[in-house]
$ cat target.txt   # compact mmCIF, C-alpha atoms
# COMPACT_ATOMS: atom_id res chain seq x y z
CA MET A 228 -7.11 -24.48 12.53
CA ASN A 229 -9.92 -26.87 13.51
CA GLN A 230 -9.58 -29.74 15.96
CA SER A 231 -9.83 -32.56 13.40
CA PHE A 232 -7.02 -31.05 11.33
CA CYS A 233 -4.79 -30.88 14.45
CA VAL A 234 -5.56 -34.53 15.19
CA ILE A 235 -4.57 -35.50 11.61
CA LEU A 236 -1.29 -33.59 11.94
CA LEU A 237 -0.58 -35.28 15.26
CA ILE A 238 -1.25 -38.72 13.77
CA LEU A 239 1.03 -38.00 10.82
CA PHE A 240 3.76 -36.80 13.19
CA VAL A 241 3.51 -39.99 15.26
CA ILE A 242 3.64 -42.16 12.13
CA VAL A 243 6.70 -40.34 10.73
CA THR A 244 8.48 -40.42 14.10
CA ALA A 245 7.79 -44.14 14.57
CA THR A 246 8.96 -44.89 11.03
CA GLN A 247 12.20 -42.97 11.53
CA ALA A 248 12.82 -44.69 14.87
CA GLY A 249 12.33 -48.08 13.21
CA GLU A 250 14.66 -47.22 10.35
CA ASN A 251 17.32 -45.97 12.80
CA ALA A 252 17.10 -49.13 14.91
CA ASN A 253 17.40 -51.31 11.81
CA HIS A 254 20.42 -49.36 10.55
CA GLU A 255 22.13 -49.65 13.95
CA LYS A 256 21.76 -53.44 13.82
CA ILE A 257 23.24 -53.51 10.32
CA LEU A 258 26.09 -51.20 11.37
CA GLU A 259 26.91 -53.48 14.32
CA LYS A 260 27.21 -56.43 11.94
CA TYR A 261 30.16 -54.70 10.23
CA TYR A 262 31.98 -53.42 13.34
CA SER A 263 35.03 -55.75 13.11
CA LEU A 264 35.92 -55.37 16.79
CA GLU A 265 39.24 -56.67 18.09
CA LYS A 266 40.41 -56.71 21.71
CA PRO A 267 43.60 -57.61 23.56
CA ASP A 268 43.76 -60.85 25.52
CA GLY A 269 42.27 -60.68 28.99
CA ASP A 270 39.21 -59.23 30.67
CA GLY A 271 40.23 -55.58 30.61
CA PRO A 272 38.95 -53.02 30.91
CA PHE A 273 40.90 -51.68 27.95
CA PRO A 274 40.94 -48.25 26.29
CA ALA A 275 39.17 -48.27 22.94
CA VAL A 276 39.60 -46.64 19.54
CA MET A 277 36.99 -46.31 16.80
CA LEU A 278 38.44 -46.21 13.29
CA VAL A 279 36.55 -44.21 10.63
CA PRO A 280 37.89 -44.61 7.07
CA TRP A 281 38.19 -42.31 4.09
CA CYS A 282 35.67 -42.18 1.23
CA PHE A 283 36.59 -45.57 -0.27
CA GLY A 284 36.39 -47.45 3.00
CA PHE A 285 38.54 -50.07 4.70
CA ASP A 286 38.73 -52.55 1.83
CA GLU A 287 39.98 -50.39 -1.05
CA GLU A 288 43.02 -52.13 -2.55
CA HIS A 289 45.67 -49.55 -1.66
CA ALA A 290 44.22 -48.56 1.72
CA LYS A 291 43.41 -51.98 3.18
CA PRO A 292 47.00 -52.87 4.25
CA HIS A 293 47.28 -49.52 5.99
CA TYR A 294 44.06 -49.89 8.01
CA ASP A 295 44.94 -53.49 8.87
CA ASN A 296 48.36 -52.33 10.12
CA VAL A 297 46.90 -49.47 12.20
CA GLN A 298 44.35 -51.78 13.81
CA LYS A 299 47.04 -54.38 14.53
CA LYS A 300 49.46 -51.83 16.03
CA LEU A 301 46.80 -50.25 18.23
CA GLY A 302 45.84 -53.72 19.44
CA GLU A 303 49.48 -54.40 20.34
CA LEU A 304 49.47 -51.14 22.31
CA GLY A 305 46.57 -52.44 24.40
CA PHE A 306 43.56 -50.85 22.70
CA VAL A 307 40.24 -52.37 21.77
CA THR A 308 39.67 -51.36 18.15
CA LEU A 309 36.37 -51.06 16.32
CA ARG A 310 35.93 -50.24 12.65
CA VAL A 311 32.97 -47.96 11.91
CA ASN A 312 32.20 -49.32 8.45
CA TYR A 313 29.63 -46.75 7.32
CA LEU A 314 29.97 -47.82 3.67
CA ALA A 315 29.28 -51.53 4.16
CA ALA A 316 26.35 -50.72 6.44
CA ARG A 317 24.77 -48.77 3.56
CA ASN A 318 25.82 -51.22 0.84
CA ILE A 319 27.77 -48.53 -1.00
CA THR A 320 31.42 -48.27 -2.08
CA PHE A 321 31.94 -44.50 -2.04
CA CYS A 322 31.00 -41.99 0.63
CA TYR A 323 29.58 -39.06 -1.32
CA PRO A 324 26.76 -38.16 -1.80
CA ASP A 325 25.20 -41.31 -0.30
CA ALA A 326 26.88 -40.97 3.10
CA PRO A 327 27.18 -37.28 4.08
CA THR A 328 29.02 -36.36 7.25
CA ASN A 329 25.88 -36.09 9.38
CA LEU A 330 24.97 -39.74 8.69
CA ILE A 331 28.51 -40.97 9.34
CA ALA A 332 28.56 -38.85 12.51
CA ASN A 333 25.41 -40.68 13.63
CA ASP A 334 27.27 -43.95 13.08
CA ILE A 335 30.20 -42.72 15.18
CA CYS A 336 27.84 -41.72 18.00
CA THR A 337 26.12 -45.11 17.78
CA ALA A 338 29.46 -46.95 17.86
CA ALA A 339 30.56 -44.94 20.91
CA GLU A 340 27.34 -45.92 22.68
CA TYR A 341 27.99 -49.55 21.74
CA LEU A 342 31.51 -49.45 23.19
CA ARG A 343 30.27 -47.94 26.44
CA LYS A 344 28.08 -50.99 26.94
CA GLN A 345 30.98 -53.45 26.66
CA VAL A 346 32.31 -54.62 30.03
CA PHE A 347 35.85 -54.99 28.65
CA VAL A 348 36.00 -51.32 27.53
CA LYS A 349 37.38 -48.73 29.94
CA LYS A 350 34.92 -45.90 30.44
CA GLY A 351 36.60 -42.52 30.11
CA ALA A 352 39.01 -43.92 27.51
CA ILE A 353 36.91 -44.19 24.35
CA ASN A 354 38.62 -42.53 21.41
CA VAL A 355 38.03 -42.02 17.71
CA VAL A 356 40.38 -41.72 14.73
CA GLY A 357 39.15 -40.63 11.29
CA TRP A 358 40.79 -40.24 7.88
CA SER A 359 39.80 -37.62 5.27
CA TRP A 360 35.99 -37.79 4.96
CA GLY A 361 36.00 -39.91 8.10
CA GLY A 362 37.94 -37.15 9.88
CA ALA A 363 35.39 -34.54 8.83
CA SER A 364 32.66 -36.84 10.13
CA VAL A 365 34.48 -37.10 13.47
CA PHE A 366 34.27 -33.33 13.76
CA ARG A 367 30.56 -33.48 12.97
CA ALA A 368 30.05 -36.20 15.60
CA LEU A 369 31.74 -34.03 18.23
CA ARG A 370 29.30 -31.24 17.43
CA GLY A 371 26.26 -33.51 17.33
CA THR A 372 23.67 -34.00 14.60
CA ASP A 373 19.94 -33.44 14.18
CA SER A 374 19.22 -36.85 15.72
CA LYS A 375 22.24 -37.47 17.97
CA ASN A 376 23.87 -35.61 20.85
CA PRO A 377 27.62 -35.03 20.57
CA ALA A 378 29.55 -38.30 20.54
CA GLN A 379 30.59 -39.43 24.00
CA VAL A 380 34.31 -39.80 23.31
CA ASP A 381 37.34 -38.76 25.30
CA ALA A 382 39.82 -37.87 22.54
CA ALA A 383 39.73 -37.55 18.76
CA ILE A 384 42.30 -37.64 15.98
CA ALA A 385 41.76 -36.63 12.35
CA PHE A 386 44.21 -37.38 9.55
CA TYR A 387 44.00 -34.85 6.69
CA PRO A 388 40.27 -34.25 7.36
CA ASP A 389 38.15 -33.11 4.42
CA CYS A 390 36.87 -29.77 5.70
CA GLN A 391 35.97 -28.26 2.34
CA ARG A 392 32.58 -26.81 1.49
CA ARG A 393 30.89 -30.13 0.75
CA ALA A 394 31.58 -31.35 4.31
CA LYS A 395 29.26 -28.54 5.53
CA LEU A 396 31.18 -28.10 8.76
CA ILE A 397 30.48 -25.10 10.97
CA PRO A 398 32.41 -23.86 14.02
CA TRP A 399 31.60 -25.49 17.33
CA ASP A 400 32.93 -25.68 20.87
CA SER A 401 34.12 -28.96 22.35
CA ASP A 402 35.86 -30.03 25.52
CA VAL A 403 37.18 -33.14 23.75
CA PRO A 404 40.91 -32.88 22.94
CA ILE A 405 41.47 -33.10 19.19
CA LEU A 406 44.69 -33.80 17.28
CA VAL A 407 44.80 -33.05 13.55
CA PHE A 408 47.46 -34.29 11.12
CA GLY A 409 47.81 -32.71 7.69
CA GLY A 410 50.30 -33.07 4.87
CA ASP A 411 51.82 -35.87 2.85
CA ILE A 412 53.66 -37.94 5.47
CA ASP A 413 52.23 -41.44 5.84
CA GLU A 414 50.30 -41.48 9.09
CA SER A 415 51.88 -44.80 10.13
CA HIS A 416 54.86 -42.68 11.20
CA HIS A 417 52.57 -40.96 13.70
CA LEU A 418 51.38 -44.06 15.58
CA GLN A 419 53.60 -43.35 18.58
CA THR A 420 52.20 -39.83 18.81
CA VAL A 421 48.71 -41.22 18.41
CA SER A 422 49.16 -43.72 21.23
CA VAL A 423 50.41 -40.98 23.58
CA PHE A 424 47.55 -38.64 22.75
CA LEU A 425 44.67 -41.08 23.07
CA ASN A 426 42.99 -41.53 26.44
CA VAL A 427 44.13 -44.72 28.12

$ encode --input "target.txt" --output "structure tokens"
Amino acid sequence: MNQSFCVILLILFVIVTATQAGENANHEKILEKYYSLEKPDGDGPFPAVMLVPWCFGFDEEHAKPHYDNVQKKLGELGFVTLRVNYLAARNITFCYPDAPTNLIANDICTAAEYLRKQVFVKKGAINVVGWSWGGASVFRALRGTDSKNPAQVDAAIAFYPDCQRRAKLIPWDSDVPILVFGGDIDESHHLQTVSVFLNV
């Protein structure tokens, strides 16, 4: 391999890396625009919960009242809440195949970093709750992705996570406590359990 060829490869690598970094920074700004953060009255610091929806997002007709209720109840319990709206940030209405778990996991990691920068958020009490495809993406975020280290969260909850073959999940080790709900019972019945489990 001659020297000029190595220089060309190096230049191409720098261009690709810079392009990816620019695209990531732009996506993070778009994601932040759709966060829908709510906080209790006062200066805090407050514990925080990221909410990661199922495949049809927060605004699907039948799901919207549920997500609104969960966010309201967690706020009443003293949590900062932040919606990780991975669909709106990509201008899509359905998660698959346009938003695979590794991309949503990146969004969760980014949102966790965002929360850690907020003075009203209690460090050591940043949590994440995911539903279905969002739950599978929480698992992926705890493992880390090709471009992100494992999400810096202190507890995680997944409601009926989609862990089938298309989620492409593999075993991993994590020190983060994880609570998983499965079955047909409406998860609103579990809010008291959720509030006890989450780091406060």

$ closest_residue --input "target.txt" --among "A:Gly371, A:Val355, A:Lys350, A:Lys291" --to "A:Leu406" --atoms "all atoms listed in the file"
A:Val355

$ closest_residue --input "target.txt" --among "A:Val279, A:Ile384, A:Val348, A:Val365" --to "A:Tyr294" --atoms "all atoms listed in the file"
A:Val279

$ closest_atom_pairs --input "target.txt" --of "stretch 316-343 of chain A" --to "stretch 374-379 of chain A" --cutoff "9 Å" --atoms "all atoms listed in the file" --output "CSV"
residue,atom,partner,partner_atom,distance
A:Ala332,CA,A:Ala378,CA,8.1
A:Asn333,CA,A:Lys375,CA,6.3
A:Ile335,CA,A:Ala378,CA,7.0
A:Cys336,CA,A:Ala378,CA,4.6
A:Thr337,CA,A:Ala378,CA,8.1
A:Ala339,CA,A:Gln379,CA,6.3
A:Glu340,CA,A:Gln379,CA,7.4
A:Arg343,CA,A:Gln379,CA,8.9

$ residues_around --input "target.txt" --residues "A:Pro404" --least-positions-apart "5" --cutoff "8 Å" --atoms "all atoms listed in the file" --output "number ranges by chain"
A: 381-383

$ write_last_selection --input "target.txt" --atoms "C-alpha atoms" --output "short mmCIF file (atom, residue, chain, number, x, y, z; two decimals), in the coordinates of the input"
data_model
loop_
_atom_site.label_atom_id
_atom_site.label_comp_id
_atom_site.auth_asym_id
_atom_site.auth_seq_id
_atom_site.Cartn_x
_atom_site.Cartn_y
_atom_site.Cartn_z
CA ASP A 381 37.34 -38.76 25.30
CA ALA A 382 39.82 -37.87 22.54
CA ALA A 383 39.73 -37.55 18.76
#

$ closest_residue --input "target.txt" --among "A:Tyr261, A:Phe283, A:Trp358, A:Tyr387" --to "A:Ala326" --atoms "only C-alpha atoms"
A:Phe283

$ residues_around --input "target.txt" --residues "stretch 309-315 of chain A" --least-positions-apart "2" --cutoff "10 Å" --atoms "all atoms listed in the file" --output "number ranges by chain"
A: 257-266, 275-286, 294, 298, 306-307, 317-322, 325-326, 330-335, 337-339, 342, 355-357, 361

$ atom_distance --input "target.txt" --atom1 "atom CA of A:Ser401" --atom2 "atom CA of A:Asp389"
18.8 Å

$ atom_distance --input "target.txt" --atom1 "atom CA of A:Gly409" --atom2 "atom CA of A:Pro388"
7.7 Å
